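Notes follow the structure.
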Amino acid sequence: VAFSPTTSLLAPVRLGFNRDIVGGRVCLARVGHCPLLMKTEDVATKPEKTESNEVLQQMIVGRRTINDFETELPRNWKSAVKTAVKAAIYAPNHKRTEPWRFHLLGKEGIKAVCELNAKMVAAKKGEKAGEAKLKRWLAIPGWLVVTQHAPDADDADMQKPNSVLREDYAACCCAVQNLCLSLHSQDIGTKWTTGDVNFDSGFRTAAGIPADEHVVGTVWFGRAAKTPDPPKKKMTVDDVLTEHK
């Protein structure tokens, strides 16, 4: 990339790309020069609603919780996960504690978690239900457990509004959203799960989670075999946004 004196790195506005939105996803096709650079004099006259803003907005509202995955992960899945984790750790973090941790499960860990969950299901709904759940879960290709590093006991009260424990949990939830959006942008679907198995006493051993970490949830990931329709929102922006004098 050639840099000119009038080029600003502070203006990550799209140039030279055509945009197409397909099935809630944003596809970019290169037709010109670097999309991340533009002249500073162009920034001042650029309309407020730039195409880069539109792309970001469509990426956010186009993300879906995926329930059905293809059985095989894409060839670049490990690099995609690392890119997503990098995005995750740039989430807002009031106390600057960087509490998030990520555990990418291998075949043994996945099998152990699936068998633990199947046992729990069978205890409630019977053996056939447990076997069906085991089969379904073993077909899910990607497993990433997100945890929160435990703070000192002196500031670990979730009932205290600004405790480190509560602030850190909020930060980890923001990190999960960043993670899912990043994977979505790389054509990898996700589902953030917080089912009972995540908090069962046997989960820590099955997934290999250290004693000083709390489970935030498990993110399943992979190519979407089916993308759900957009959810029907119960409330509009006007319903949830109050403008005060």
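Naming scheme: A, B, ... for chains in displayed order of the structure tokens; residues 1 onward per chain; ligands 1 onward as shown.
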
Go through segment 133-186 of chain A residue by residue and, counting only C-alpha atoms, keep those with an atom at most 8 Å from segment 101-125 of chain A; for each kept residue give the shortest atom pair and its distance in Å to one decimal, ordered by chain and increasing number, as JSON lines.
```
{"residue": "A:Lys133", "atom": "CA", "partner": "A:Ala118", "partner_atom": "CA", "distance": 5.9}
{"residue": "A:Leu134", "atom": "CA", "partner": "A:Ala118", "partner_atom": "CA", "distance": 5.2}
{"residue": "A:Trp137", "atom": "CA", "partner": "A:Cys114", "partner_atom": "CA", "distance": 6.1}
{"residue": "A:Leu138", "atom": "CA", "partner": "A:Cys114", "partner_atom": "CA", "distance": 6.5}
{"residue": "A:Gly142", "atom": "CA", "partner": "A:Leu105", "partner_atom": "CA", "distance": 7.9}
{"residue": "A:Trp143", "atom": "CA", "partner": "A:Leu105", "partner_atom": "CA", "distance": 5.6}
{"residue": "A:Leu144", "atom": "CA", "partner": "A:Leu104", "partner_atom": "CA", "distance": 4.6}
{"residue": "A:Val145", "atom": "CA", "partner": "A:His103", "partner_atom": "CA", "distance": 5.0}
{"residue": "A:Val146", "atom": "CA", "partner": "A:Phe102", "partner_atom": "CA", "distance": 4.8}
{"residue": "A:Thr147", "atom": "CA", "partner": "A:Arg101", "partner_atom": "CA", "distance": 5.1}
{"residue": "A:Gln148", "atom": "CA", "partner": "A:Arg101", "partner_atom": "CA", "distance": 6.1}
{"residue": "A:His149", "atom": "CA", "partner": "A:Arg101", "partner_atom": "CA", "distance": 6.9}
```

Selected residues written out with N, CA and C atoms, as a short mmCIF file (atom, residue, chain, number, x, y, z; two decimals), in the first residue's frame:
```cif
data_model
loop_
_atom_site.label_atom_id
_atom_site.label_comp_id
_atom_site.auth_asym_id
_atom_site.auth_seq_id
_atom_site.Cartn_x
_atom_site.Cartn_y
_atom_site.Cartn_z
N LYS A 133 -29.96 -36.34 22.74
CA LYS A 133 -29.19 -35.12 23.01
C LYS A 133 -27.71 -35.35 22.79
N LEU A 134 -27.21 -36.51 23.17
CA LEU A 134 -25.80 -36.83 22.96
C LEU A 134 -25.46 -36.83 21.48
N TRP A 137 -25.47 -33.16 20.15
CA TRP A 137 -24.36 -32.33 20.62
C TRP A 137 -23.02 -32.77 20.04
N LEU A 138 -22.83 -34.06 19.86
CA LEU A 138 -21.57 -34.54 19.29
C LEU A 138 -21.39 -34.10 17.84
N GLY A 142 -17.67 -26.93 16.58
CA GLY A 142 -16.75 -26.05 17.30
C GLY A 142 -17.24 -25.69 18.69
N TRP A 143 -16.34 -25.78 19.68
CA TRP A 143 -16.70 -25.50 21.07
C TRP A 143 -15.67 -24.57 21.70
N LEU A 144 -16.13 -23.42 22.17
CA LEU A 144 -15.25 -22.46 22.83
C LEU A 144 -15.91 -22.03 24.14
N VAL A 145 -15.32 -22.42 25.25
CA VAL A 145 -15.87 -22.06 26.56
C VAL A 145 -15.26 -20.72 26.98
N VAL A 146 -16.14 -19.79 27.33
CA VAL A 146 -15.70 -18.46 27.78
C VAL A 146 -15.84 -18.40 29.29
N THR A 147 -14.78 -17.99 29.95
CA THR A 147 -14.80 -17.91 31.40
C THR A 147 -14.36 -16.53 31.87
N GLN A 148 -14.59 -16.30 33.15
CA GLN A 148 -14.21 -15.05 33.81
C GLN A 148 -13.25 -15.37 34.94
N HIS A 149 -12.08 -14.75 34.89
CA HIS A 149 -11.10 -14.95 35.96
C HIS A 149 -11.65 -14.35 37.25
#
```

Nearby residues (only C-alpha atoms) at most 10 Å from Arg96 of chain A, same-chain spacing under 4 positions excluded, as a PyMOL selection string
chain A and resi 92+164+167-168+171

Keeping only N, CA, C and O atoms, write the selected residues as an mmCIF file, in the first residue's frame.
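Done, and the output landed in result38.cif:
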```
data_model
loop_
_atom_site.group_PDB
_atom_site.id
_atom_site.type_symbol
_atom_site.label_atom_id
_atom_site.label_comp_id
_atom_site.auth_asym_id
_atom_site.auth_seq_id
_atom_site.Cartn_x
_atom_site.Cartn_y
_atom_site.Cartn_z
ATOM 1 N N PRO A 92 -15.331 -3.386 26.089
ATOM 2 C CA PRO A 92 -15.245 -2.445 27.224
ATOM 3 C C PRO A 92 -14.930 -3.185 28.518
ATOM 4 O O PRO A 92 -15.468 -4.259 28.772
ATOM 5 N N VAL A 164 -16.020 -5.607 41.410
ATOM 6 C CA VAL A 164 -15.180 -6.097 40.326
ATOM 7 C C VAL A 164 -15.819 -7.332 39.685
ATOM 8 O O VAL A 164 -15.811 -7.485 38.464
ATOM 9 N N GLU A 167 -18.678 -6.082 37.449
ATOM 10 C CA GLU A 167 -18.131 -5.336 36.316
ATOM 11 C C GLU A 167 -17.435 -6.281 35.333
ATOM 12 O O GLU A 167 -17.563 -6.139 34.109
ATOM 13 N N ASP A 168 -16.712 -7.239 35.875
ATOM 14 C CA ASP A 168 -15.977 -8.172 35.019
ATOM 15 C C ASP A 168 -16.920 -9.092 34.239
ATOM 16 O O ASP A 168 -16.647 -9.445 33.088
ATOM 17 N N ALA A 171 -18.151 -7.185 31.369
ATOM 18 C CA ALA A 171 -17.090 -7.085 30.360
ATOM 19 C C ALA A 171 -16.983 -8.379 29.554
ATOM 20 O O ALA A 171 -16.801 -8.347 28.329
#
```

Quick one: contact table of segment 115-157 of chain A to segment 63-68 of chain A, 10 Å max, nearest atom pair and distance in Å to one decimal per residue, counting only C-alpha atoms, chain and number order, as CSV?
```
residue,atom,partner,partner_atom,distance
A:Arg136,CA,A:Asp68,CA,9.6
A:Ala139,CA,A:Asp68,CA,9.5
A:Ile140,CA,A:Asp68,CA,8.2
```

Given only C-alpha atoms as the basis, pick out the residue of A:His184, A:His94, A:Lys232, A:His244 nearest to Trp77 of chain A.
A:His184

Looking only at the backbone, which of the residues in segment 4-241 of chain A does DSSP tag as alpha helix (DSSP H), as a PyMOL selection string?
chain A and resi 40-45+51-62+77-88+107-125+127-138+164-185+203-207+237-240

If you run DSSP on this backbone, which residues of segment 75-167 of chain A come out as strand (DSSP E or B), and could you give them as a ChimeraX atom specification?
/A:100-104,142-149

So that I have them on file, write out the residues from the current selection with C-alpha atoms, as a PDB file, in the first residue's frame.
```pdb
ATOM      1  CA  TRP A 100     -11.888 -12.984  29.989  1.00  0.00           C
ATOM      2  CA  ARG A 101     -10.423 -16.394  29.279  1.00  0.00           C
ATOM      3  CA  PHE A 102     -11.170 -18.715  26.338  1.00  0.00           C
ATOM      4  CA  HIS A 103     -10.924 -22.493  26.262  1.00  0.00           C
ATOM      5  CA  LEU A 104     -10.985 -24.129  22.827  1.00  0.00           C
ATOM      6  CA  GLY A 142     -16.748 -26.055  17.303  1.00  0.00           C
ATOM      7  CA  TRP A 143     -16.705 -25.504  21.073  1.00  0.00           C
ATOM      8  CA  LEU A 144     -15.246 -22.457  22.833  1.00  0.00           C
ATOM      9  CA  VAL A 145     -15.867 -22.063  26.562  1.00  0.00           C
ATOM     10  CA  VAL A 146     -15.701 -18.465  27.779  1.00  0.00           C
ATOM     11  CA  THR A 147     -14.803 -17.914  31.403  1.00  0.00           C
ATOM     12  CA  GLN A 148     -14.215 -15.050  33.808  1.00  0.00           C
ATOM     13  CA  HIS A 149     -11.104 -14.954  35.963  1.00  0.00           C
TER      14      HIS A 149
END
```

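Counting only C-alpha atoms and comparing A:Asp154, A:Ser52, A:Pro210, A:Arg223, the residue that lies closest to Glu72 of chain A is A:Arg223.
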
Mind checking which residues fall within 10 Å of Ala211 of chain A, counting only C-alpha atoms, ignoring those fewer than 5 positions away in the same chain, and posting them as a PyMOL selection string?
chain A and resi 149-150+204-205

If you count only C-alpha atoms, which residues fall within 7 Å of Phe221 of chain A, apart from same-chain ones fewer than 3 positions away, as a count of residues only?
7
